[in-house]
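Coordinates from protein_10.cif are shown below (mmCIF, C-alpha atoms and all ligand atoms; chains and numbers go by the auth columns).
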data_target
#
loop_
_atom_site.group_PDB
_atom_site.id
_atom_site.type_symbol
_atom_site.label_atom_id
_atom_site.label_comp_id
_atom_site.label_asym_id
_atom_site.label_seq_id
_atom_site.Cartn_x
_atom_site.Cartn_y
_atom_site.Cartn_z
_atom_site.B_iso_or_equiv
_atom_site.auth_seq_id
_atom_site.auth_asym_id
ATOM 1 C CA MET A 1 11.850 16.383 -7.927 0.00 1 X
ATOM 2 C CA ALA A 2 9.751 18.550 -5.610 0.00 2 X
ATOM 3 C CA GLU A 3 11.185 18.820 -2.106 0.00 3 X
ATOM 4 C CA ASP A 4 7.906 19.284 -0.293 0.00 4 X
ATOM 5 C CA LEU A 5 4.662 17.504 -0.780 0.00 5 X
ATOM 6 C CA HIS A 6 1.623 19.700 -1.223 0.00 6 X
ATOM 7 C CA ILE A 7 -1.020 18.237 1.092 0.00 7 X
ATOM 8 C CA ALA A 8 -4.397 18.504 -0.617 0.00 8 X
ATOM 9 C CA THR A 9 -7.777 18.859 1.047 0.00 9 X
ATOM 10 C CA GLY A 10 -11.206 17.957 -0.323 0.00 10 X
ATOM 11 C CA THR A 11 -12.806 14.645 -1.131 0.00 11 X
ATOM 12 C CA LYS A 12 -10.770 11.484 -1.088 0.00 12 X
ATOM 13 C CA ALA A 13 -10.750 11.460 -4.902 0.00 13 X
ATOM 14 C CA GLU A 14 -9.552 15.098 -4.978 0.00 14 X
ATOM 15 C CA GLN A 15 -6.772 14.226 -2.561 0.00 15 X
ATOM 16 C CA TYR A 16 -5.602 11.346 -4.750 0.00 16 X
ATOM 17 C CA GLU A 17 -5.924 13.482 -7.905 0.00 17 X
ATOM 18 C CA ALA A 18 -3.588 16.054 -6.326 0.00 18 X
ATOM 19 C CA LEU A 19 -1.217 13.437 -4.956 0.00 19 X
ATOM 20 C CA ILE A 20 -0.698 11.245 -8.014 0.00 20 X
ATOM 21 C CA PRO A 21 1.071 13.872 -10.186 0.00 21 X
ATOM 22 C CA GLN A 22 3.346 14.589 -7.230 0.00 22 X
ATOM 23 C CA ILE A 23 4.142 10.876 -6.887 0.00 23 X
ATOM 24 C CA LYS A 24 4.928 10.798 -10.614 0.00 24 X
ATOM 25 C CA GLY A 25 7.298 13.736 -10.050 0.00 25 X
ATOM 26 C CA LEU A 26 8.940 11.980 -7.116 0.00 26 X
ATOM 27 C CA ILE A 27 9.722 8.768 -8.965 0.00 27 X
ATOM 28 C CA GLU A 28 10.293 9.888 -12.540 0.00 28 X
ATOM 29 C CA GLY A 29 13.950 9.714 -13.494 0.00 29 X
ATOM 30 C CA GLU A 30 14.770 7.485 -10.530 0.00 30 X
ATOM 31 C CA LYS A 31 15.354 3.842 -11.342 0.00 31 X
ATOM 32 C CA ASP A 32 16.039 2.556 -7.855 0.00 32 X
ATOM 33 C CA LEU A 33 13.090 0.502 -6.681 0.00 33 X
ATOM 34 C CA VAL A 34 13.647 0.906 -2.932 0.00 34 X
ATOM 35 C CA ALA A 35 14.003 4.680 -3.295 0.00 35 X
ATOM 36 C CA ASN A 36 10.738 4.888 -5.212 0.00 36 X
ATOM 37 C CA LEU A 37 8.797 2.570 -2.892 0.00 37 X
ATOM 38 C CA ALA A 38 10.090 4.568 0.081 0.00 38 X
ATOM 39 C CA ASN A 39 8.944 7.891 -1.344 0.00 39 X
ATOM 40 C CA ILE A 40 5.542 6.499 -2.330 0.00 40 X
ATOM 41 C CA ALA A 41 5.004 5.179 1.207 0.00 41 X
ATOM 42 C CA ALA A 42 6.055 8.545 2.655 0.00 42 X
ATOM 43 C CA ALA A 43 3.809 10.515 0.282 0.00 43 X
ATOM 44 C CA LEU A 44 0.770 8.361 1.104 0.00 44 X
ATOM 45 C CA LYS A 45 1.471 8.633 4.838 0.00 45 X
ATOM 46 C CA GLU A 46 1.822 12.420 4.629 0.00 46 X
ATOM 47 C CA GLN A 47 -1.366 12.868 2.617 0.00 47 X
ATOM 48 C CA PHE A 48 -3.646 10.430 4.425 0.00 48 X
ATOM 49 C CA ASN A 49 -1.947 9.874 7.777 0.00 49 X
ATOM 50 C CA TRP A 50 -2.995 6.233 7.890 0.00 50 X
ATOM 51 C CA LEU A 51 -1.662 4.132 10.750 0.00 51 X
ATOM 52 C CA TRP A 52 0.682 2.188 8.479 0.00 52 X
ATOM 53 C CA VAL A 53 1.429 2.168 4.761 0.00 53 X
ATOM 54 C CA GLY A 54 4.117 0.313 2.908 0.00 54 X
ATOM 55 C CA PHE A 55 5.196 -2.571 0.759 0.00 55 X
ATOM 56 C CA TYR A 56 5.852 -6.276 1.096 0.00 56 X
ATOM 57 C CA ILE A 57 8.013 -7.714 -1.689 0.00 57 X
ATOM 58 C CA VAL A 58 7.701 -11.264 -3.048 0.00 58 X
ATOM 59 C CA LYS A 59 10.917 -13.160 -2.320 0.00 59 X
ATOM 60 C CA GLY A 60 10.694 -16.883 -3.046 0.00 60 X
ATOM 61 C CA ASP A 61 7.653 -18.280 -1.273 0.00 61 X
ATOM 62 C CA GLU A 62 7.266 -15.344 1.137 0.00 62 X
ATOM 63 C CA LEU A 63 6.455 -11.664 1.267 0.00 63 X
ATOM 64 C CA VAL A 64 9.281 -9.737 2.909 0.00 64 X
ATOM 65 C CA LEU A 65 8.821 -6.311 4.497 0.00 65 X
ATOM 66 C CA GLY A 66 9.900 -3.433 2.259 0.00 66 X
ATOM 67 C CA PRO A 67 9.835 0.365 2.618 0.00 67 X
ATOM 68 C CA PHE A 68 7.051 1.572 4.890 0.00 68 X
ATOM 69 C CA GLN A 69 5.869 4.337 7.207 0.00 69 X
ATOM 70 C CA GLY A 70 4.346 3.599 10.588 0.00 70 X
ATOM 71 C CA PRO A 71 4.925 1.263 13.522 0.00 71 X
ATOM 72 C CA VAL A 72 7.324 -1.672 13.211 0.00 72 X
ATOM 73 C CA ALA A 73 5.715 -4.598 11.394 0.00 73 X
ATOM 74 C CA CYS A 74 6.063 -8.333 10.858 0.00 74 X
ATOM 75 C CA THR A 75 8.890 -9.036 8.445 0.00 75 X
ATOM 76 C CA ARG A 76 7.750 -12.182 6.600 0.00 76 X
ATOM 77 C CA ILE A 77 4.310 -13.343 5.451 0.00 77 X
ATOM 78 C CA ARG A 78 3.684 -16.647 3.692 0.00 78 X
ATOM 79 C CA LYS A 79 1.487 -16.995 0.632 0.00 79 X
ATOM 80 C CA GLU A 80 -2.217 -17.222 1.483 0.00 80 X
ATOM 81 C CA ARG A 81 -1.539 -15.983 5.047 0.00 81 X
ATOM 82 C CA GLY A 82 -3.217 -12.823 6.305 0.00 82 X
ATOM 83 C CA VAL A 83 -4.645 -10.128 4.077 0.00 83 X
ATOM 84 C CA CYS A 84 -1.325 -9.586 2.297 0.00 84 X
ATOM 85 C CA GLY A 85 -0.691 -13.254 1.548 0.00 85 X
ATOM 86 C CA THR A 86 -4.280 -13.685 0.366 0.00 86 X
ATOM 87 C CA SER A 87 -4.023 -10.673 -1.961 0.00 87 X
ATOM 88 C CA TRP A 88 -0.805 -12.176 -3.356 0.00 88 X
ATOM 89 C CA ALA A 89 -2.365 -15.624 -3.845 0.00 89 X
ATOM 90 C CA ARG A 90 -5.446 -14.190 -5.554 0.00 90 X
ATOM 91 C CA ALA A 91 -3.538 -11.460 -7.467 0.00 91 X
ATOM 92 C CA ALA A 92 -6.356 -9.156 -6.438 0.00 92 X
ATOM 93 C CA THR A 93 -6.965 -6.087 -4.300 0.00 93 X
ATOM 94 C CA LEU A 94 -8.600 -6.813 -0.949 0.00 94 X
ATOM 95 C CA ILE A 95 -10.568 -4.221 1.014 0.00 95 X
ATOM 96 C CA VAL A 96 -11.098 -5.254 4.633 0.00 96 X
ATOM 97 C CA PRO A 97 -13.507 -2.954 6.516 0.00 97 X
ATOM 98 C CA ASP A 98 -12.997 -4.806 9.816 0.00 98 X
ATOM 99 C CA VAL A 99 -9.769 -6.754 10.208 0.00 99 X
ATOM 100 C CA GLU A 100 -11.207 -8.812 13.077 0.00 100 X
ATOM 101 C CA ALA A 101 -13.760 -10.232 10.645 0.00 101 X
ATOM 102 C CA PHE A 102 -11.047 -11.380 8.199 0.00 102 X
ATOM 103 C CA PRO A 103 -10.077 -15.008 8.881 0.00 103 X
ATOM 104 C CA GLY A 104 -6.313 -15.262 9.390 0.00 104 X
ATOM 105 C CA HIS A 105 -5.672 -11.532 9.563 0.00 105 X
ATOM 106 C CA ILE A 106 -2.132 -10.909 10.842 0.00 106 X
ATOM 107 C CA ALA A 107 -2.236 -8.245 13.536 0.00 107 X
ATOM 108 C CA CYS A 108 1.072 -6.396 13.305 0.00 108 X
ATOM 109 C CA SER A 109 -0.482 -3.619 15.390 0.00 109 X
ATOM 110 C CA SER A 110 -3.440 -3.912 17.753 0.00 110 X
ATOM 111 C CA SER A 111 -4.469 -0.404 16.628 0.00 111 X
ATOM 112 C CA SER A 112 -5.196 -1.575 13.085 0.00 112 X
ATOM 113 C CA LYS A 113 -8.944 -1.736 12.411 0.00 113 X
ATOM 114 C CA SER A 114 -9.267 -1.765 8.614 0.00 114 X
ATOM 115 C CA GLU A 115 -6.945 -2.455 5.728 0.00 115 X
ATOM 116 C CA ILE A 116 -6.479 -2.461 1.965 0.00 116 X
ATOM 117 C CA VAL A 117 -3.918 -4.538 0.099 0.00 117 X
ATOM 118 C CA VAL A 118 -3.160 -3.925 -3.589 0.00 118 X
ATOM 119 C CA PRO A 119 -0.915 -6.268 -5.596 0.00 119 X
ATOM 120 C CA LEU A 120 1.838 -4.829 -7.805 0.00 120 X
ATOM 121 C CA MET A 121 1.615 -6.770 -11.022 0.00 121 X
ATOM 122 C CA LYS A 122 3.990 -7.431 -13.905 0.00 122 X
ATOM 123 C CA GLY A 123 1.815 -9.232 -16.434 0.00 123 X
ATOM 124 C CA SER A 124 0.080 -11.911 -14.396 0.00 124 X
ATOM 125 C CA GLU A 125 2.860 -12.121 -11.805 0.00 125 X
ATOM 126 C CA VAL A 126 2.605 -10.445 -8.386 0.00 126 X
ATOM 127 C CA LEU A 127 5.916 -8.761 -7.519 0.00 127 X
ATOM 128 C CA ALA A 128 4.891 -7.070 -4.275 0.00 128 X
ATOM 129 C CA VAL A 129 1.860 -5.763 -2.420 0.00 129 X
ATOM 130 C CA LEU A 130 1.010 -2.277 -1.208 0.00 130 X
ATOM 131 C CA ASP A 131 -0.596 -2.487 2.241 0.00 131 X
ATOM 132 C CA ALA A 132 -2.371 0.330 4.087 0.00 132 X
ATOM 133 C CA ASP A 133 -3.790 0.041 7.608 0.00 133 X
ATOM 134 C CA SER A 134 -6.108 2.416 9.428 0.00 134 X
ATOM 135 C CA ASN A 135 -6.913 2.795 13.116 0.00 135 X
ATOM 136 C CA GLN A 136 -10.560 3.383 12.116 0.00 136 X
ATOM 137 C CA LEU A 137 -13.067 0.839 10.819 0.00 137 X
ATOM 138 C CA ALA A 138 -14.039 0.908 7.118 0.00 138 X
ATOM 139 C CA THR A 139 -11.496 3.535 6.044 0.00 139 X
ATOM 140 C CA PHE A 140 -10.877 2.067 2.594 0.00 140 X
ATOM 141 C CA ASP A 141 -13.303 1.720 -0.301 0.00 141 X
ATOM 142 C CA THR A 142 -13.319 1.348 -4.067 0.00 142 X
ATOM 143 C CA THR A 143 -12.060 4.932 -4.467 0.00 143 X
ATOM 144 C CA ASP A 144 -8.875 3.928 -2.636 0.00 144 X
ATOM 145 C CA GLN A 145 -8.704 0.769 -4.739 0.00 145 X
ATOM 146 C CA PHE A 146 -9.044 2.769 -7.974 0.00 146 X
ATOM 147 C CA TYR A 147 -6.290 5.243 -7.127 0.00 147 X
ATOM 148 C CA LEU A 148 -3.926 2.909 -5.284 0.00 148 X
ATOM 149 C CA GLU A 149 -4.042 0.534 -8.260 0.00 149 X
ATOM 150 C CA GLN A 150 -3.105 3.516 -10.465 0.00 150 X
ATOM 151 C CA ILE A 151 -0.194 4.277 -8.139 0.00 151 X
ATOM 152 C CA THR A 152 1.072 0.680 -8.245 0.00 152 X
ATOM 153 C CA ARG A 153 1.063 0.869 -12.049 0.00 153 X
ATOM 154 C CA LEU A 154 3.447 3.853 -11.911 0.00 154 X
ATOM 155 C CA ILE A 155 6.142 1.707 -10.339 0.00 155 X
ATOM 156 C CA VAL A 156 8.675 0.471 -12.868 0.00 156 X
ATOM 157 C CA TRP A 157 10.205 -2.776 -11.702 0.00 157 X
HETATM 158 N N1 LIG B . -2.313 -7.156 8.455 0.00 201 X
HETATM 159 C C1 LIG B . -1.482 -7.697 7.413 0.00 201 X
HETATM 160 C C2 LIG B . -0.050 -7.852 7.885 0.00 201 X
HETATM 161 C C3 LIG B . 0.817 -6.687 7.581 0.00 201 X
HETATM 162 S S1 LIG B . 0.616 -5.411 8.633 0.00 201 X
HETATM 163 O O1 LIG B . -0.769 -4.957 8.647 0.00 201 X
HETATM 164 C C4 LIG B . 1.644 -4.156 8.318 0.00 201 X
HETATM 165 C C5 LIG B . -2.030 -9.028 6.951 0.00 201 X
HETATM 166 O O2 LIG B . -2.973 -9.559 7.536 0.00 201 X
HETATM 167 O O3 LIG B . -1.500 -9.555 5.981 0.00 201 X
#
Rewritten as structure tokens:
Amino acid sequence: MAEDLHIATGTKAEQYEALIPQIKGLIEGEKDLVANLANIAAALKEQFNWLWVGFYIVKGDELVLGPFQGPVACTRIRKERGVCGTSWARAATLIVPDVEAFPGHIACSSSSKSEIVVPLMKGSEVLAVLDADSNQLATFDTTDQFYLEQITRLIVW
């Protein structure tokens, strides 16, 4: 495992292309889920410096806060609530360019302006969601969706 992350410059796609092999290196050979989720959150935060990035894990009928980087956050989210609970219910990635325009958005931080939530799937079952928040409007697009979905598929549950 590399000790330091190499922070790439360039287009968003180039940054992800440089980051993903490093994430593979960080998690390969490690079976512990929390350790891997923690390092993925840290790597994404270091590369992109979003306001908040981390995981909520499905436990019963709720999402429960998992490893993350950024300000303290709400600990439990019910299915269909907020962006995370909606992504879980739909088993689909949601890109929210303006969180104030998303009905039922849960504001963990008043600085959050845009958000992407990507479900972690095992077959058709959602096991967790990856959530990233930005303090700028319209930070996330289909490039983020493409690469963040790749990253979620690296996680062995
Ligand atoms: N905004 C999310 C809640 C989680 S925080 O952003 C970390 C939502 O609406 O589900």
_Target residues per the PyMOL selection byres (((chain X and resi 47) around 8) and not hetatm), formatted as a ChimeraX atom specification_ = /X:7-8,15,19,43-46,48-49
*asked:* Please enumerate the residues selected by the PyMOL selection byres (((not hetatm)) within 8 of (chain X and resi 201)) when evaluated against the supplied file, formatted as JSON, numbers by chain.
replied: {"X": [52, 53, 54, 72, 73, 74, 77, 81, 82, 83, 84, 85, 86, 99, 104, 105, 106, 107, 108, 109, 112, 115, 131, 132, 133]}
_Point-to-point distance in Å for CA of Tyr56 (chain X) and CA of Ser110 (chain X)_ = 19.2 Å
_Please enumerate the residues selected by the PyMOL selection byres (((chain X and resi 57-64) around 9) and not hetatm) when evaluated against the supplied file, formatted as a ChimeraX atom specification._
/X:55-56,65-66,74-79,84-85,88,126-130
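Here CA of Ala18 (chain X) stands at a distance of 17.8 Å from CA of Ile155 (chain X).
Comparing X:Asn135, X:Thr11, X:Leu94, X:Phe102 by their smallest distance to Glu149 (chain X), the closest is X:Leu94 (using all atoms listed in the file).
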*Dig up all the protein and nucleic acid residues within 7 Å of (-0.4, -2.5, -7.5) in the file frame, using only C-alpha atoms, and format them as a PyMOL selection string.*
chain X and resi 118-121+129-130+148-149+151-153
*Residues near Ala13 (chain X), cut-off 10 Å, all atoms listed in the file, skip fewer than 3 positions along chain, as a PyMOL selection string*: chain X and resi 9-10+16-19+143-144+146-147
*Measuring atom to atom with all atoms listed in the file, identify which of X:Ala89, X:Leu51, X:Leu137, X:Ile27 is nearest to Phe68 (chain X).*
X:Leu51
*Atomic distance CA of Ile20 (chain X) - CA of Asp32 (chain X), expressed in Å with one decimal*: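 Straight-line distance from CA of Ile20 (chain X) to CA of Asp32 (chain X) works out to 18.9 Å.
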*For Asn36 (chain X), which of X:Trp157, X:Ser124, X:Trp50, X:Asp4 is the closest residue, counting only C-alpha atoms?*
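Closest to Asn36 (chain X) of all the choices is X:Trp157.
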*Would you please work out which residue, of X:Pro103, X:Pro67, X:Gly123, X:Pro97, is nearest to Glu80 (chain X) when using all atoms listed in the file?*
X:Pro103
Listed atoms of region 34-51 of chain X boxed along x, y and z, 5 Å each side, centre and edge lengths in Å, one decimal, as JSON:
{"center_x": 5.2, "center_y": 6.9, "center_z": 2.8, "size_x": 27.6, "size_y": 22.0, "size_z": 26.0}
*Using only C-alpha atoms, which of the listed residues (X:Val156, X:Ala101, X:Leu5, X:Ala41) sits closest to Gly29 (chain X)?*
X:Val156
